[in-house]
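This is coords31.cif (mmCIF, C-alpha atoms and all ligand atoms).
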data_run
#
loop_
_atom_site.label_atom_id
_atom_site.label_comp_id
_atom_site.auth_asym_id
_atom_site.auth_seq_id
_atom_site.Cartn_x
_atom_site.Cartn_y
_atom_site.Cartn_z
CA MET O 1 0.00 0.00 0.00
CA VAL O 2 1.20 3.46 -0.87
CA LEU O 3 2.15 5.87 1.96
CA ILE O 4 0.75 9.41 2.05
CA ALA O 5 2.93 12.36 3.06
CA PRO O 6 0.90 15.57 3.36
CA SER O 7 2.88 18.73 2.58
CA ILE O 8 2.12 21.45 5.12
CA LEU O 9 2.86 24.03 2.43
CA ALA O 10 -0.86 23.79 1.59
CA ALA O 11 -2.04 23.85 5.22
CA ASP O 12 -3.44 26.91 7.00
CA LEU O 13 -0.09 28.40 8.00
CA ALA O 14 -1.71 30.55 10.67
CA ASN O 15 -2.85 27.37 12.46
CA LEU O 16 0.00 24.98 11.81
CA LYS O 17 -0.13 23.20 15.17
CA SER O 18 -3.76 22.22 14.77
CA GLU O 19 -3.25 21.38 11.07
CA VAL O 20 -0.42 19.00 11.96
CA GLU O 21 -2.53 17.38 14.67
CA ALA O 22 -5.52 17.10 12.32
CA VAL O 23 -3.58 15.49 9.48
CA THR O 24 -1.98 13.06 11.96
CA ALA O 25 -5.40 12.05 13.27
CA ALA O 26 -6.61 11.70 9.67
CA GLY O 27 -4.15 8.88 8.97
CA ALA O 28 -1.12 10.51 7.32
CA ASP O 29 1.98 8.29 7.25
CA MET O 30 4.59 11.05 7.45
CA LEU O 31 4.77 14.81 7.32
CA HIS O 32 6.42 16.43 4.28
CA LEU O 33 8.22 19.71 5.02
CA ASP O 34 9.11 21.83 1.98
CA ILE O 35 12.15 24.01 2.67
CA MET O 36 12.69 26.69 0.01
CA ASP O 37 15.46 29.30 0.10
CA GLY O 38 14.43 31.83 -2.55
CA HIS O 39 17.54 30.95 -4.61
CA TYR O 40 17.26 27.35 -5.73
CA VAL O 41 13.53 27.91 -6.24
CA PRO O 42 11.67 31.22 -6.63
CA ASN O 43 9.87 30.92 -3.30
CA LEU O 44 10.72 31.10 0.37
CA THR O 45 9.12 28.99 3.10
CA PHE O 46 10.40 28.17 6.56
CA GLY O 47 13.48 26.91 8.35
CA PRO O 48 14.66 24.57 11.10
CA GLY O 49 13.14 26.70 13.85
CA LEU O 50 9.63 25.99 12.64
CA VAL O 51 10.39 22.30 12.09
CA LYS O 52 11.64 22.03 15.68
CA THR O 53 8.58 23.88 16.97
CA LEU O 54 6.24 21.39 15.30
CA ARG O 55 8.14 18.28 16.41
CA PRO O 56 6.27 17.75 19.73
CA TYR O 57 2.82 17.79 18.11
CA THR O 58 2.97 14.59 16.06
CA ARG O 59 4.62 11.18 16.21
CA LEU O 60 4.80 11.04 12.38
CA PRO O 61 8.23 10.91 10.75
CA PHE O 62 9.42 14.29 9.45
CA ASP O 63 10.24 14.14 5.74
CA VAL O 64 12.34 17.23 5.01
CA HIS O 65 12.64 18.24 1.34
CA LEU O 66 15.47 20.75 0.90
CA MET O 67 14.91 22.93 -2.16
CA VAL O 68 17.99 25.01 -1.43
CA THR O 69 21.42 25.73 -2.87
CA GLU O 70 24.36 24.26 -0.92
CA PRO O 71 22.10 21.81 0.96
CA GLU O 72 25.13 20.37 2.80
CA VAL O 73 25.28 23.57 4.87
CA MET O 74 21.73 23.06 6.14
CA VAL O 75 21.77 19.30 6.72
CA PRO O 76 22.99 19.63 10.35
CA TRP O 77 20.34 22.28 11.06
CA PHE O 78 17.54 19.89 10.13
CA VAL O 79 19.18 16.95 11.89
CA ASP O 80 19.01 19.06 15.07
CA ALA O 81 15.44 20.15 14.30
CA GLY O 82 14.17 16.57 14.35
CA ALA O 83 14.11 15.45 10.72
CA ASP O 84 13.86 11.69 10.05
CA ILE O 85 14.40 11.82 6.28
CA ILE O 86 16.50 14.54 4.65
CA THR O 87 16.25 14.89 0.88
CA VAL O 88 18.57 17.09 -1.16
CA HIS O 89 18.27 17.96 -4.83
CA TYR O 90 20.69 16.23 -7.16
CA GLU O 91 20.96 19.48 -9.13
CA ALA O 92 21.92 21.49 -6.03
CA ALA O 93 24.33 19.09 -4.34
CA VAL O 94 27.82 19.58 -5.77
CA HIS O 95 29.33 16.74 -3.71
CA LEU O 96 26.31 14.47 -3.53
CA ASP O 97 28.16 11.35 -2.41
CA ARG O 98 29.62 13.16 0.59
CA THR O 99 26.35 14.87 1.51
CA LEU O 100 24.46 11.56 1.49
CA ALA O 101 27.10 10.07 3.77
CA GLU O 102 26.74 13.00 6.16
CA ILE O 103 22.98 12.51 6.37
CA ARG O 104 23.36 8.80 7.07
CA ASN O 105 26.18 9.36 9.55
CA ALA O 106 23.77 11.57 11.49
CA GLY O 107 21.45 8.56 11.74
CA LYS O 108 18.88 9.90 9.27
CA LYS O 109 17.50 8.50 6.04
CA ALA O 110 19.12 10.06 2.98
CA GLY O 111 17.05 11.08 -0.03
CA VAL O 112 17.82 12.58 -3.41
CA SER O 113 15.31 14.53 -5.46
CA LEU O 114 15.32 14.77 -9.25
CA ASN O 115 13.72 17.68 -11.12
CA PRO O 116 11.45 16.78 -14.06
CA ALA O 117 14.24 17.33 -16.61
CA THR O 118 16.86 15.29 -14.74
CA PRO O 119 17.28 11.66 -15.86
CA GLU O 120 17.40 8.89 -13.27
CA ASN O 121 20.77 7.47 -14.36
CA VAL O 122 22.65 10.30 -12.57
CA LEU O 123 22.02 8.29 -9.39
CA GLU O 124 23.66 5.11 -10.67
CA TYR O 125 26.80 5.48 -8.55
CA VAL O 126 25.11 6.49 -5.31
CA LEU O 127 22.39 3.83 -5.20
CA ASP O 128 24.00 2.08 -2.25
CA LYS O 129 24.21 5.35 -0.35
CA LEU O 130 20.61 6.49 -0.37
CA ASP O 131 17.32 5.42 1.17
CA LEU O 132 14.85 7.34 -0.95
CA ILE O 133 14.50 8.86 -4.43
CA LEU O 134 12.07 11.77 -4.71
CA VAL O 135 10.69 12.25 -8.22
CA MET O 136 9.50 15.82 -8.77
CA SER O 137 6.37 15.59 -10.88
CA VAL O 138 6.19 19.40 -11.07
CA ASN O 139 8.91 22.02 -11.20
CA PRO O 140 9.72 22.70 -7.54
CA GLY O 141 8.73 25.96 -5.91
CA PHE O 142 4.97 26.01 -5.57
CA GLY O 143 2.01 23.89 -4.60
CA GLY O 144 -1.04 23.53 -6.78
CA GLN O 145 0.70 22.79 -10.10
CA SER O 146 -0.27 20.14 -12.65
CA PHE O 147 1.37 16.72 -12.71
CA ILE O 148 3.90 16.23 -15.55
CA PRO O 149 2.97 12.87 -17.17
CA SER O 150 6.49 12.08 -18.47
CA GLN O 151 7.52 11.41 -14.87
CA LEU O 152 5.54 8.15 -14.81
CA GLU O 153 8.09 6.57 -17.12
CA LYS O 154 10.86 7.86 -14.87
CA ILE O 155 9.25 6.18 -11.86
CA GLN O 156 9.17 2.88 -13.76
CA ARG O 157 12.80 3.24 -14.79
CA ILE O 158 13.86 4.04 -11.22
CA LYS O 159 11.96 1.00 -10.01
CA SER O 160 13.94 -1.29 -12.30
CA MET O 161 17.21 0.56 -11.63
CA ILE O 162 16.98 0.04 -7.85
CA GLY O 163 16.24 -3.68 -8.23
CA SER O 164 16.27 -5.42 -4.86
CA ARG O 165 17.82 -2.50 -2.97
CA ASN O 166 15.90 -1.11 -0.03
CA ILE O 167 15.13 2.29 -1.60
CA GLN O 168 11.75 3.99 -1.49
CA ILE O 169 10.35 5.94 -4.44
CA GLU O 170 8.51 9.12 -3.49
CA VAL O 171 6.59 11.37 -5.89
CA ASP O 172 5.93 15.07 -5.26
CA GLY O 173 3.66 17.52 -7.07
CA GLY O 174 0.21 17.49 -8.62
CA ILE O 175 -0.90 14.35 -6.77
CA ASN O 176 -4.67 13.80 -6.84
CA PRO O 177 -6.68 10.55 -6.78
CA MET O 178 -6.08 10.00 -10.50
CA THR O 179 -2.34 10.72 -10.65
CA ALA O 180 -1.90 8.86 -7.33
CA ALA O 181 -3.20 5.67 -8.92
CA GLU O 182 -0.90 6.13 -11.92
CA CYS O 183 2.14 6.71 -9.69
CA ALA O 184 1.35 3.68 -7.54
CA ALA O 185 0.97 1.52 -10.65
CA ALA O 186 4.34 2.81 -11.92
CA GLY O 187 6.06 1.78 -8.66
CA ALA O 188 5.79 4.70 -6.21
CA ASP O 189 5.93 3.91 -2.48
CA ILE O 190 5.22 7.36 -1.02
CA LEU O 191 3.06 10.16 -2.42
CA VAL O 192 3.44 13.77 -1.32
CA ALA O 193 0.24 15.77 -1.48
CA GLY O 194 -0.47 19.35 -0.47
CA THR O 195 -3.52 20.74 -2.22
CA SER O 196 -5.44 17.48 -2.44
CA VAL O 197 -5.04 16.72 1.29
CA PHE O 198 -5.65 20.20 2.71
CA SER O 199 -8.56 21.31 0.52
CA GLY O 200 -12.04 21.00 2.02
CA GLY O 201 -12.43 20.03 5.64
CA ASP O 202 -12.25 16.24 5.58
CA TYR O 203 -8.57 15.31 5.61
CA ARG O 204 -9.26 11.65 6.34
CA LYS O 205 -11.48 11.35 3.28
CA ASN O 206 -8.88 13.15 1.17
CA ILE O 207 -6.10 10.82 2.31
CA GLU O 208 -8.23 7.73 1.75
CA ALA O 209 -9.09 8.96 -1.75
CA LEU O 210 -5.37 9.08 -2.57
CA ARG O 211 -4.74 5.55 -1.35
C1 LIG U 1 6.64 21.72 -4.64
C2 LIG U 1 6.69 21.00 -3.31
C3 LIG U 1 5.54 20.10 -3.09
C4 LIG U 1 4.21 20.77 -3.04
C5 LIG U 1 3.17 19.80 -3.53
O1 LIG U 1 7.82 22.42 -4.83
O2 LIG U 1 7.86 20.25 -3.22
O3 LIG U 1 5.73 19.31 -1.93
O4 LIG U 1 3.87 21.24 -1.77
O5 LIG U 1 1.99 20.50 -3.63
P1 LIG U 1 0.74 19.99 -4.46
O6 LIG U 1 0.31 18.70 -3.86
O7 LIG U 1 -0.26 21.08 -4.23
O8 LIG U 1 1.14 19.86 -5.89
ZN ZN U 2 8.22 18.64 -1.54
#
What's the structure tokens form of this structure?
Ligand code: DX5
Ligand code: ZN
Amino acid sequence: MVLIAPSILAADLANLKSEVEAVTAAGADMLHLDIMDGHYVPNLTFGPGLVKTLRPYTRLPFDVHLMVTEPEVMVPWFVDAGADIITVHYEAAVHLDRTLAEIRNAGKKAGVSLNPATPENVLEYVLDKLDLILVMSVNPGFGGQSFIPSQLEKIQRIKSMIGSRNIQIEVDGGINPMTAAECAAAGADILVAGTSVFSGGDYRKNIEALR
């Protein structure tokens, strides 16, 4: 069964504590935290202080998605803030191999994200050093964008590339009940969803619809 990771980017930011509690009660499997620095992507969100502040209000794993330049600088900040998974962008990590090792050495799961235009084979030589591959199915920076269909083939290719390794495939952007089914069929293990989880009042129903 596919896991659902709500992105709090689409939550009511003025009521984050209750939103996190509500989505936890509604059956989310992990919490996706979108960190944007205004340089790597044309948007700015929040930092480790907010992540740390939210940590006591849910037992869900914290899935931190770093959309930042020089992610290696920020890795220790989010380790301290309580992250469980730390994902850096392939395109932003100059010394990816080293950065993945630093995340794992801190006892966290190491993820790499690929933008829609980045092919999966760039990860060939780090497959034994990562725990998760995050396929961006939109261009990173904003919630509410449309799913890019070409990424379904990428998910399938990643699935065969990882073989029997213990690596999860996560998909982020434009996930709704229809694209969720397509991603799951292609081999996705975790689906990130902002808009489709936090719209309307019934988060449980929304999450169930994605499964
Ligand atoms: C986009 C973020 C996503 C985003 C998904 O840059 O990484 O996590 O919040 O939002 P939706 O589900 O609205 O496409
Ligand atoms: Zn994300």
Nearest residue to Trp77 in chain O from the set O:Leu100, O:Val197, O:Ile35, O:Leu60 (distances using all atoms listed in the file): O:Ile35
Where does chain O meet ligand LIG 1 (chain U) within 7 Å, residue by residue, with the nearest atom pair and distance in Å to one decimal for each, counting only C-alpha atoms and all ligand atoms, listed by chain and rising number, as JSON lines?
{"residue": "O:Ser7", "atom": "CA", "partner": "U:LIG1", "partner_atom": "O4", "distance": 5.1}
{"residue": "O:Leu9", "atom": "CA", "partner": "U:LIG1", "partner_atom": "O4", "distance": 5.1}
{"residue": "O:Ala10", "atom": "CA", "partner": "U:LIG1", "partner_atom": "O4", "distance": 6.3}
{"residue": "O:His32", "atom": "CA", "partner": "U:LIG1", "partner_atom": "O3", "distance": 6.9}
{"residue": "O:Asp34", "atom": "CA", "partner": "U:LIG1", "partner_atom": "O2", "distance": 5.6}
{"residue": "O:His65", "atom": "CA", "partner": "U:LIG1", "partner_atom": "O2", "distance": 6.9}
{"residue": "O:Val138", "atom": "CA", "partner": "U:LIG1", "partner_atom": "C1", "distance": 6.9}
{"residue": "O:Asn139", "atom": "CA", "partner": "U:LIG1", "partner_atom": "O1", "distance": 6.5}
{"residue": "O:Pro140", "atom": "CA", "partner": "U:LIG1", "partner_atom": "O1", "distance": 3.3}
{"residue": "O:Gly141", "atom": "CA", "partner": "U:LIG1", "partner_atom": "O1", "distance": 3.8}
{"residue": "O:Phe142", "atom": "CA", "partner": "U:LIG1", "partner_atom": "O1", "distance": 4.6}
{"residue": "O:Gly143", "atom": "CA", "partner": "U:LIG1", "partner_atom": "O5", "distance": 3.5}
{"residue": "O:Gly144", "atom": "CA", "partner": "U:LIG1", "partner_atom": "O7", "distance": 3.6}
{"residue": "O:Gln145", "atom": "CA", "partner": "U:LIG1", "partner_atom": "O8", "distance": 5.1}
{"residue": "O:Ser146", "atom": "CA", "partner": "U:LIG1", "partner_atom": "O8", "distance": 6.9}
{"residue": "O:Asp172", "atom": "CA", "partner": "U:LIG1", "partner_atom": "O3", "distance": 5.4}
{"residue": "O:Gly173", "atom": "CA", "partner": "U:LIG1", "partner_atom": "O8", "distance": 3.6}
{"residue": "O:Gly174", "atom": "CA", "partner": "U:LIG1", "partner_atom": "O8", "distance": 3.7}
{"residue": "O:Ile175", "atom": "CA", "partner": "U:LIG1", "partner_atom": "O6", "distance": 5.4}
{"residue": "O:Val192", "atom": "CA", "partner": "U:LIG1", "partner_atom": "O3", "distance": 6.0}
{"residue": "O:Ala193", "atom": "CA", "partner": "U:LIG1", "partner_atom": "O6", "distance": 3.8}
{"residue": "O:Gly194", "atom": "CA", "partner": "U:LIG1", "partner_atom": "O6", "distance": 3.5}
{"residue": "O:Thr195", "atom": "CA", "partner": "U:LIG1", "partner_atom": "O7", "distance": 3.8}
{"residue": "O:Ser196", "atom": "CA", "partner": "U:LIG1", "partner_atom": "O6", "distance": 6.0}
Would you pick out the contacts of Lys129 in chain O at 8 Å or less, using all atoms listed in the file, so that residues sharing its chain but fewer than 4 positions from it are not included, and give the list as a CSV table (one decimal) with C-alpha atoms, keeping the file's coordinate frame?
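Saved as result07.csv:
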chain,number,residue,atom,x,y,z
O,97,ASP,CA,28.2,11.4,-2.4
O,100,LEU,CA,24.5,11.6,1.5
O,101,ALA,CA,27.1,10.1,3.8
O,110,ALA,CA,19.1,10.1,3.0
Between O:Asp29, O:Asp37, O:Asp80, O:Glu70, which has the minimum distance to Thr53 in chain O (counting only C-alpha atoms)? O:Asp80
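For the set O:Pro76, O:Lys17, O:Thr118, O:Val23, the residue with the smallest atom-to-atom gap to Asn206 in chain O is O:Val23, counting all atoms listed in the file.
Taking CA of Ile162 in chain O and CA of Tyr40 in chain O as the two end points, the separation is 27.4 Å.
The gap separating CA of Pro116 in chain O from CA of Ala184 in chain O is 17.8 Å, in Å to one decimal.
The nearest approach to ligand ZN 2 (chain U) among the residues O:Val2, O:Ala26, O:Leu31, O:Ala181, with only C-alpha atoms and all ligand atoms taken into account, belongs to O:Leu31.
Going from CA of Ile103 in chain O over to CA of Ile155 in chain O, you cover 23.7 Å.
Candidate residues O:Val126, O:Val20, O:Ile190, O:Ala180 were compared for distance to ligand ZN 2 (chain U), and the nearest is O:Ile190, using all atoms listed in the file.
Minimum atom-to-atom distance to Glu170 in chain O, evaluated using all atoms listed in the file, belongs to O:Asp63 out of O:Asp202, O:Glu21, O:Glu153, O:Asp63.
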Selection near range 46-48 of chain O, 12 Å with all atoms listed in the file, sequence-local residues under 6 positions removed, as a ChimeraX atom specification: /O:8-9,13,33-38,54-55,62,64-68,74-83
Atom completion result for range 182-194 of chain O (N, CA, C and O atoms) as a PDB file, in the coordinates of the input:
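Contents of part.pdb, freshly written:
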ATOM      1  N   GLU O 182      -1.898   6.336 -10.864  1.00  0.00           N
ATOM      2  CA  GLU O 182      -0.900   6.130 -11.920  1.00  0.00           C
ATOM      3  C   GLU O 182       0.508   5.968 -11.335  1.00  0.00           C
ATOM      4  O   GLU O 182       1.285   5.119 -11.780  1.00  0.00           O
ATOM      5  N   CYS O 183       0.812   6.783 -10.319  1.00  0.00           N
ATOM      6  CA  CYS O 183       2.140   6.710  -9.690  1.00  0.00           C
ATOM      7  C   CYS O 183       2.311   5.382  -8.962  1.00  0.00           C
ATOM      8  O   CYS O 183       3.379   4.757  -9.030  1.00  0.00           O
ATOM      9  N   ALA O 184       1.275   4.953  -8.260  1.00  0.00           N
ATOM     10  CA  ALA O 184       1.350   3.680  -7.540  1.00  0.00           C
ATOM     11  C   ALA O 184       1.552   2.536  -8.522  1.00  0.00           C
ATOM     12  O   ALA O 184       2.369   1.639  -8.297  1.00  0.00           O
ATOM     13  N   ALA O 185       0.842   2.574  -9.636  1.00  0.00           N
ATOM     14  CA  ALA O 185       0.970   1.520 -10.650  1.00  0.00           C
ATOM     15  C   ALA O 185       2.374   1.529 -11.257  1.00  0.00           C
ATOM     16  O   ALA O 185       2.919   0.481 -11.631  1.00  0.00           O
ATOM     17  N   ALA O 186       2.994   2.705 -11.340  1.00  0.00           N
ATOM     18  CA  ALA O 186       4.340   2.810 -11.920  1.00  0.00           C
ATOM     19  C   ALA O 186       5.417   2.373 -10.933  1.00  0.00           C
ATOM     20  O   ALA O 186       6.565   2.160 -11.321  1.00  0.00           O
ATOM     21  N   GLY O 187       5.075   2.267  -9.631  1.00  0.00           N
ATOM     22  CA  GLY O 187       6.060   1.780  -8.660  1.00  0.00           C
ATOM     23  C   GLY O 187       6.337   2.695  -7.487  1.00  0.00           C
ATOM     24  O   GLY O 187       7.253   2.434  -6.712  1.00  0.00           O
ATOM     25  N   ALA O 188       5.552   3.769  -7.321  1.00  0.00           N
ATOM     26  CA  ALA O 188       5.790   4.700  -6.210  1.00  0.00           C
ATOM     27  C   ALA O 188       5.419   4.064  -4.876  1.00  0.00           C
ATOM     28  O   ALA O 188       4.462   3.294  -4.788  1.00  0.00           O
ATOM     29  N   ASP O 189       6.197   4.398  -3.835  1.00  0.00           N
ATOM     30  CA  ASP O 189       5.930   3.910  -2.480  1.00  0.00           C
ATOM     31  C   ASP O 189       5.306   4.988  -1.593  1.00  0.00           C
ATOM     32  O   ASP O 189       4.563   4.686  -0.670  1.00  0.00           O
ATOM     33  N   ILE O 190       5.686   6.238  -1.855  1.00  0.00           N
ATOM     34  CA  ILE O 190       5.220   7.360  -1.020  1.00  0.00           C
ATOM     35  C   ILE O 190       4.728   8.474  -1.944  1.00  0.00           C
ATOM     36  O   ILE O 190       5.411   8.815  -2.914  1.00  0.00           O
ATOM     37  N   LEU O 191       3.581   9.038  -1.632  1.00  0.00           N
ATOM     38  CA  LEU O 191       3.060  10.160  -2.420  1.00  0.00           C
ATOM     39  C   LEU O 191       2.957  11.398  -1.534  1.00  0.00           C
ATOM     40  O   LEU O 191       2.352  11.354  -0.463  1.00  0.00           O
ATOM     41  N   VAL O 192       3.547  12.487  -2.009  1.00  0.00           N
ATOM     42  CA  VAL O 192       3.440  13.770  -1.320  1.00  0.00           C
ATOM     43  C   VAL O 192       2.203  14.467  -1.865  1.00  0.00           C
ATOM     44  O   VAL O 192       1.988  14.489  -3.079  1.00  0.00           O
ATOM     45  N   ALA O 193       1.407  15.033  -0.987  1.00  0.00           N
ATOM     46  CA  ALA O 193       0.240  15.770  -1.480  1.00  0.00           C
ATOM     47  C   ALA O 193      -0.041  16.963  -0.580  1.00  0.00           C
ATOM     48  O   ALA O 193      -0.132  16.831   0.640  1.00  0.00           O
ATOM     49  N   GLY O 194      -0.121  18.127  -1.196  1.00  0.00           N
ATOM     50  CA  GLY O 194      -0.470  19.350  -0.470  1.00  0.00           C
ATOM     51  C   GLY O 194      -1.923  19.691  -0.705  1.00  0.00           C
ATOM     52  O   GLY O 194      -2.796  19.389   0.108  1.00  0.00           O
TER      53      GLY O 194
END
